[in-house]
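A.B. asks: Contents of start-v7.tsv (TSV, C-alpha atoms):
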```tsv
chain	number	residue	atom	x	y	z
A	11	LEU	CA	-10.67	14.65	-8.39
A	12	THR	CA	-11.45	14.54	-4.69
A	13	TYR	CA	-12.98	11.47	-3.04
A	14	ALA	CA	-14.12	11.34	0.59
A	15	ASP	CA	-13.20	7.68	0.90
A	16	MET	CA	-12.02	5.27	-1.76
A	17	THR	CA	-11.14	1.62	-1.41
A	18	VAL	CA	-9.74	-0.39	-4.29
A	19	ASN	CA	-9.41	-4.12	-3.69
A	20	ALA	CA	-7.98	-5.47	-6.91
A	21	THR	CA	-6.92	-8.97	-7.69
A	22	LEU	CA	-3.83	-8.25	-9.74
A	23	THR	CA	-2.94	-11.63	-11.15
A	24	THR	CA	-1.71	-10.24	-14.48
A	25	GLY	CA	-3.25	-6.79	-14.77
A	26	THR	CA	-2.66	-3.26	-13.61
A	27	VAL	CA	-4.62	-0.44	-12.07
A	28	THR	CA	-3.49	3.00	-13.27
A	29	PHE	CA	-4.18	6.26	-11.48
A	30	THR	CA	-4.20	9.20	-13.90
A	31	GLY	CA	-4.33	12.83	-12.84
A	32	VAL	CA	-3.77	14.22	-9.37
A	33	ASN	CA	-6.36	12.81	-6.97
A	34	THR	CA	-7.21	13.33	-3.30
A	35	PHE	CA	-8.66	10.47	-1.26
A	36	GLY	CA	-9.86	10.30	2.34
A	37	ASN	CA	-8.52	6.75	2.76
A	38	LEU	CA	-7.14	4.54	0.02
A	39	THR	CA	-6.61	0.77	0.21
A	40	LEU	CA	-4.84	-0.98	-2.66
A	41	SER	CA	-4.70	-4.76	-2.31
A	42	GLY	CA	-2.92	-7.32	-4.43
A	43	GLY	CA	-4.18	-10.78	-5.16
A	44	ALA	CA	-2.57	-14.18	-5.48
A	45	GLY	CA	-0.68	-13.27	-8.65
A	46	THR	CA	2.83	-12.05	-9.20
A	47	THR	CA	2.60	-9.81	-12.27
A	48	GLY	CA	0.11	-7.13	-11.20
A	49	ALA	CA	0.95	-3.50	-10.41
A	50	PHE	CA	-0.54	-0.22	-9.27
A	51	ILE	CA	0.76	2.44	-11.64
A	52	PHE	CA	0.74	6.13	-10.81
A	53	GLY	CA	0.57	8.63	-13.67
A	54	ALA	CA	0.56	11.61	-11.30
A	55	ASN	CA	1.00	12.48	-7.64
A	56	GLN	CA	-1.67	11.18	-5.23
A	57	ASN	CA	-2.87	12.68	-1.95
A	58	VAL	CA	-4.50	10.75	0.90
A	59	THR	CA	-5.78	12.82	3.81
A	60	GLY	CA	-6.14	9.68	5.96
A	61	THR	CA	-4.50	6.27	5.56
A	62	LEU	CA	-2.88	4.83	2.44
A	63	THR	CA	-2.94	1.06	2.84
A	64	GLY	CA	-1.07	-1.29	0.51
A	65	LEU	CA	-1.63	-4.98	1.15
A	66	GLY	CA	0.47	-7.51	-0.70
A	67	ASN	CA	-1.03	-10.98	-0.75
A	68	SER	CA	2.09	-12.75	0.60
A	69	VAL	CA	5.87	-12.77	0.55
A	70	ILE	CA	5.62	-14.55	-2.81
A	71	ASN	CA	2.71	-12.54	-4.31
A	72	ARG	CA	3.78	-9.01	-3.53
A	73	ILE	CA	2.12	-5.71	-4.36
A	74	TYR	CA	4.06	-3.43	-6.74
A	75	TYR	CA	3.76	0.37	-6.89
A	76	ARG	CA	5.50	2.20	-9.72
A	77	SER	CA	5.43	5.37	-11.78
A	78	SER	CA	3.90	5.31	-15.24
A	79	VAL	CA	7.20	6.67	-16.56
A	80	LYS	CA	10.41	4.94	-15.48
A	81	GLY	CA	12.74	7.43	-13.86
A	82	THR	CA	9.96	9.95	-13.16
A	83	PRO	CA	9.07	9.77	-9.47
A	84	ARG	CA	5.45	10.10	-8.32
A	85	THR	CA	4.69	11.51	-4.89
A	86	LEU	CA	2.38	9.67	-2.50
A	87	THR	CA	1.29	11.98	0.31
A	88	ALA	CA	-0.62	10.50	3.25
A	89	ALA	CA	-1.31	11.11	6.94
A	90	THR	CA	-0.51	7.43	7.60
A	91	PHE	CA	1.12	4.68	5.50
A	92	THR	CA	0.32	1.02	6.23
A	93	PHE	CA	1.94	-1.60	3.99
A	94	THR	CA	2.69	-5.33	3.84
A	95	ASN	CA	4.64	-7.30	1.20
A	96	ILE	CA	5.33	-4.30	-1.06
A	97	ASP	CA	7.84	-3.39	-3.77
A	98	MET	CA	8.19	0.19	-5.06
A	99	GLN	CA	9.90	1.95	-7.94
A	100	ASP	CA	10.02	5.71	-8.62
A	101	MET	CA	7.96	6.59	-5.52
A	102	VAL	CA	8.36	9.54	-3.13
A	103	GLY	CA	6.70	9.27	0.29
A	104	VAL	CA	5.51	12.44	2.02
A	105	ASP	CA	4.06	12.36	5.53
A	106	SER	CA	1.26	14.87	6.10
A	107	GLY	CA	0.11	13.50	9.46
A	108	GLY	CA	3.09	14.02	11.74
A	109	ALA	CA	3.35	10.39	12.91
A	110	ASP	CA	5.81	9.56	10.11
A	111	SER	CA	4.86	6.00	9.20
A	112	ARG	CA	7.17	5.88	6.17
A	113	ASP	CA	9.61	3.47	7.82
A	114	LEU	CA	8.84	0.23	5.98
A	115	SER	CA	11.98	-1.59	7.11
A	116	ALA	CA	10.19	-4.04	9.42
A	117	ILE	CA	6.79	-4.49	7.79
A	118	THR	CA	5.31	-7.95	7.28
A	119	GLY	CA	6.93	-9.53	4.22
A	120	GLY	CA	9.52	-6.78	3.89
A	121	SER	CA	9.65	-3.79	1.56
A	122	GLY	CA	11.42	-3.94	-1.79
A	123	ASP	CA	13.34	-0.89	-3.05
A	124	CYS	CA	13.24	-1.36	-6.84
A	125	ALA	CA	15.14	1.94	-7.44
A	126	ASN	CA	14.66	5.70	-7.53
A	127	ASN	CA	12.58	5.98	-4.34
A	128	SER	CA	12.82	8.58	-1.59
A	129	GLY	CA	11.04	9.44	1.62
A	130	PHE	CA	10.55	5.77	2.58
A	131	THR	CA	12.89	3.57	4.62
A	132	PHE	CA	13.06	0.10	3.08
A	133	THR	CA	14.08	-3.29	4.44
A	134	THR	CA	17.87	-3.40	4.85
A	135	PRO	CA	19.60	-5.26	1.97
A	136	VAL	CA	21.02	-8.70	2.80
A	137	ASN	CA	22.94	-11.47	1.04
A	138	ARG	CA	21.12	-14.69	0.21
A	139	TYR	CA	22.69	-17.98	-0.95
A	140	TRP	CA	20.89	-20.69	-2.92
A	141	VAL	CA	20.76	-24.01	-1.05
A	142	ALA	CA	21.03	-27.33	-2.88
A	143	SER	CA	18.75	-29.81	-1.21
A	144	ALA	CA	17.87	-33.51	-1.39
A	145	GLY	CA	19.96	-34.24	-4.45
A	146	THR	CA	18.63	-31.38	-6.56
A	147	SER	CA	19.75	-27.86	-7.30
A	148	THR	CA	16.38	-26.94	-8.77
A	149	GLY	CA	13.41	-25.51	-6.90
A	150	SER	CA	11.22	-22.49	-6.43
A	151	GLU	CA	13.11	-19.26	-5.90
A	152	SER	CA	10.37	-18.13	-3.53
A	153	ALA	CA	10.75	-21.09	-1.14
A	154	VAL	CA	12.54	-20.01	2.03
A	155	THR	CA	13.94	-23.54	2.37
A	156	ARG	CA	16.10	-22.80	-0.69
A	157	TRP	CA	17.81	-19.69	0.75
A	158	ALA	CA	20.49	-19.35	3.41
A	159	ALA	CA	22.08	-16.32	5.04
A	160	THR	CA	25.59	-17.75	4.40
A	161	SER	CA	27.21	-19.85	1.70
A	162	GLY	CA	26.71	-23.52	2.59
A	163	GLY	CA	24.32	-22.56	5.39
A	164	ALA	CA	20.97	-24.10	6.19
A	165	GLY	CA	17.87	-23.01	4.31
A	166	GLY	CA	15.20	-20.99	6.05
A	167	ALA	CA	16.29	-17.42	5.35
A	168	THR	CA	13.89	-15.03	3.66
A	169	SER	CA	13.68	-15.05	-0.13
A	170	PRO	CA	15.67	-12.19	-1.68
A	171	LEU	CA	14.02	-8.80	-2.18
A	172	CYS	CA	14.95	-6.63	-5.15
A	173	GLN	CA	17.68	-4.76	-3.19
A	174	ASP	CA	19.25	-7.99	-1.90
A	175	SER	CA	22.15	-9.88	-3.46
A	176	ALA	CA	21.45	-13.48	-4.48
A	177	PHE	CA	24.39	-15.85	-4.86
A	178	PHE	CA	24.66	-19.19	-6.64
A	179	ASP	CA	28.07	-20.59	-5.75
A	180	ALA	CA	29.82	-23.97	-5.40
A	181	ASN	CA	27.68	-24.78	-2.35
A	182	SER	CA	24.53	-24.16	-4.40
A	183	ILE	CA	25.22	-26.93	-6.89
A	184	ASP	CA	25.02	-30.54	-5.77
A	185	ALA	CA	25.93	-32.26	-9.06
A	186	GLY	CA	27.46	-31.58	-12.46
A	187	SER	CA	25.47	-30.26	-15.41
A	188	ARG	CA	23.05	-28.20	-13.33
A	189	THR	CA	21.60	-25.03	-14.83
```
Would you mind giving the structure from this file in structure tokens?
C.D. replies:
Amino acid sequence: LTYADMTVNATLTTGTVTFTGVNTFGNLTLSGGAGTTGAFIFGANQNVTGTLTGLGNSVINRIYYRSSVKGTPRTLTAATFTFTNIDMQDMVGVDSGGADSRDLSAITGGSGDCANNSGFTFTTPVNRYWVASAGTSTGSESAVTRWAATSGGAGGATSPLCQDSAFFDANSIDAGSRT
């Protein structure tokens, strides 16, 4: 199918939007809502003659692009890519516009490389260390106050992305019998 312009603004709290068949769009915007279990699933390659925009809601509520078949990459071709707070798996990025906007390494909220991607440059992997705080080792894994860039360091580092390494070591536990 060919569409002159298509915008999908989906609130993906627990659901998915699946693209079947090869489609061509003028511009395509895929937005995630304030949920953490939604995904845009691609059953075939997609072509965007203009801008492909993927807007994750926040660092915590990210947008997720993946193939309908694990291990089978789907190609996203666009003149321009614009993303925030995105994680991808089994995606191939192809630039058709010449500006090459596939470098996602410094986008707002970072870009998560969930495996088997090519053509995109993702946020560089880092180490993150859980921070015990105020007499408790428990807390939200998405709170930046609970992550440090070094073992025993101060909280305030970004929460880990899927390509990062998360560590829970002796400095992460402030009392016995913590799980």
A.B. asks: Pick from A:Asp113, A:Asp105, A:Asp97, A:Asp184: nearest to Pro170 (chain A), with all atoms listed in the file counted?
C.D. replies: A:Asp97
A.B. asks: Compare A:Phe177, A:Phe132, A:Phe52, A:Trp140 by their minimum atom-to-atom distance to Asp100 (chain A), counting all atoms listed in the file, and give me the closest one.
C.D. replies: A:Phe52
A.B. asks: At what distance in Å, to one decimal, does CA of Ile51 (chain A) lie from CA of Ile73 (chain A)?
C.D. replies: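 Computed distance, CA of Ile73 (chain A) to CA of Ile51 (chain A), equals 11.0 Å.
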A.B. asks: Around (13.1, -24.1, 0.5) in the file's frame, which residues reach within 12 Å when counting all atoms listed in the file? Return as a list in words?
C.D. replies: Tyr139, Trp140, Val141, Ala142, Ser143, Ala144, Thr146, Ser147, Thr148, Gly149, Ser150, Glu151, Ser152, Ala153, Val154, Thr155, Arg156, Trp157, Ala158, Ala164, Gly165, Gly166, Ala167, Thr168 and Ser169 of chain A
A.B. asks: Keeping C-alpha atoms, export the residues of the selection given above as an mmCIF file, keeping the file's coordinate frame.
C.D. replies:
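Result file part-v7.cif:
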```
data_model
loop_
_atom_site.group_PDB
_atom_site.id
_atom_site.type_symbol
_atom_site.label_atom_id
_atom_site.label_comp_id
_atom_site.auth_asym_id
_atom_site.auth_seq_id
_atom_site.Cartn_x
_atom_site.Cartn_y
_atom_site.Cartn_z
ATOM 1 C CA TYR A 139 22.690 -17.980 -0.950
ATOM 2 C CA TRP A 140 20.890 -20.690 -2.920
ATOM 3 C CA VAL A 141 20.760 -24.010 -1.050
ATOM 4 C CA ALA A 142 21.030 -27.330 -2.880
ATOM 5 C CA SER A 143 18.750 -29.810 -1.210
ATOM 6 C CA ALA A 144 17.870 -33.510 -1.390
ATOM 7 C CA THR A 146 18.630 -31.380 -6.560
ATOM 8 C CA SER A 147 19.750 -27.860 -7.300
ATOM 9 C CA THR A 148 16.380 -26.940 -8.770
ATOM 10 C CA GLY A 149 13.410 -25.510 -6.900
ATOM 11 C CA SER A 150 11.220 -22.490 -6.430
ATOM 12 C CA GLU A 151 13.110 -19.260 -5.900
ATOM 13 C CA SER A 152 10.370 -18.130 -3.530
ATOM 14 C CA ALA A 153 10.750 -21.090 -1.140
ATOM 15 C CA VAL A 154 12.540 -20.010 2.030
ATOM 16 C CA THR A 155 13.940 -23.540 2.370
ATOM 17 C CA ARG A 156 16.100 -22.800 -0.690
ATOM 18 C CA TRP A 157 17.810 -19.690 0.750
ATOM 19 C CA ALA A 158 20.490 -19.350 3.410
ATOM 20 C CA ALA A 164 20.970 -24.100 6.190
ATOM 21 C CA GLY A 165 17.870 -23.010 4.310
ATOM 22 C CA GLY A 166 15.200 -20.990 6.050
ATOM 23 C CA ALA A 167 16.290 -17.420 5.350
ATOM 24 C CA THR A 168 13.890 -15.030 3.660
ATOM 25 C CA SER A 169 13.680 -15.050 -0.130
#
```
A.B. asks: Quick check, in Å to one decimal: how far apart do CA of Ala159 (chain A) and CA of Asn95 (chain A) lie?
C.D. replies: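 Value for the CA of Ala159 (chain A)-CA of Asn95 (chain A) distance: 20.0 Å.
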A.B. asks: Between A:Pro135, A:Leu86, A:Val58, A:Phe35, which one has atoms that come closest to Arg112 (chain A), using only C-alpha atoms?
C.D. replies: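 Checking each candidate against Arg112 (chain A), we get A:Leu86 as the closest.
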A.B. asks: Hey, which of A:Ala54, A:Leu114, A:Met101, A:Ile96 ends up closest to Leu171 (chain A)? Count all atoms listed in the file.
C.D. replies: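 The shortest atom-to-atom distance to Leu171 (chain A) comes from A:Ile96.
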A.B. asks: Distance CA of Gly120 (chain A)-CA of Gly103 (chain A), one decimal place?
C.D. replies: 16.7 Å
A.B. asks: Once 6 Å is added on each side, what centre and edge lengths in Å to one decimal does the axis-aligned box around all listed atoms of region 152-164 of chain A have, as AutoDock Vina command-line options?
C.D. replies:
```
--center_x 18.8 --center_y -20.2 --center_z 1.3 --size_x 28.8 --size_y 19.8 --size_z 21.7
```
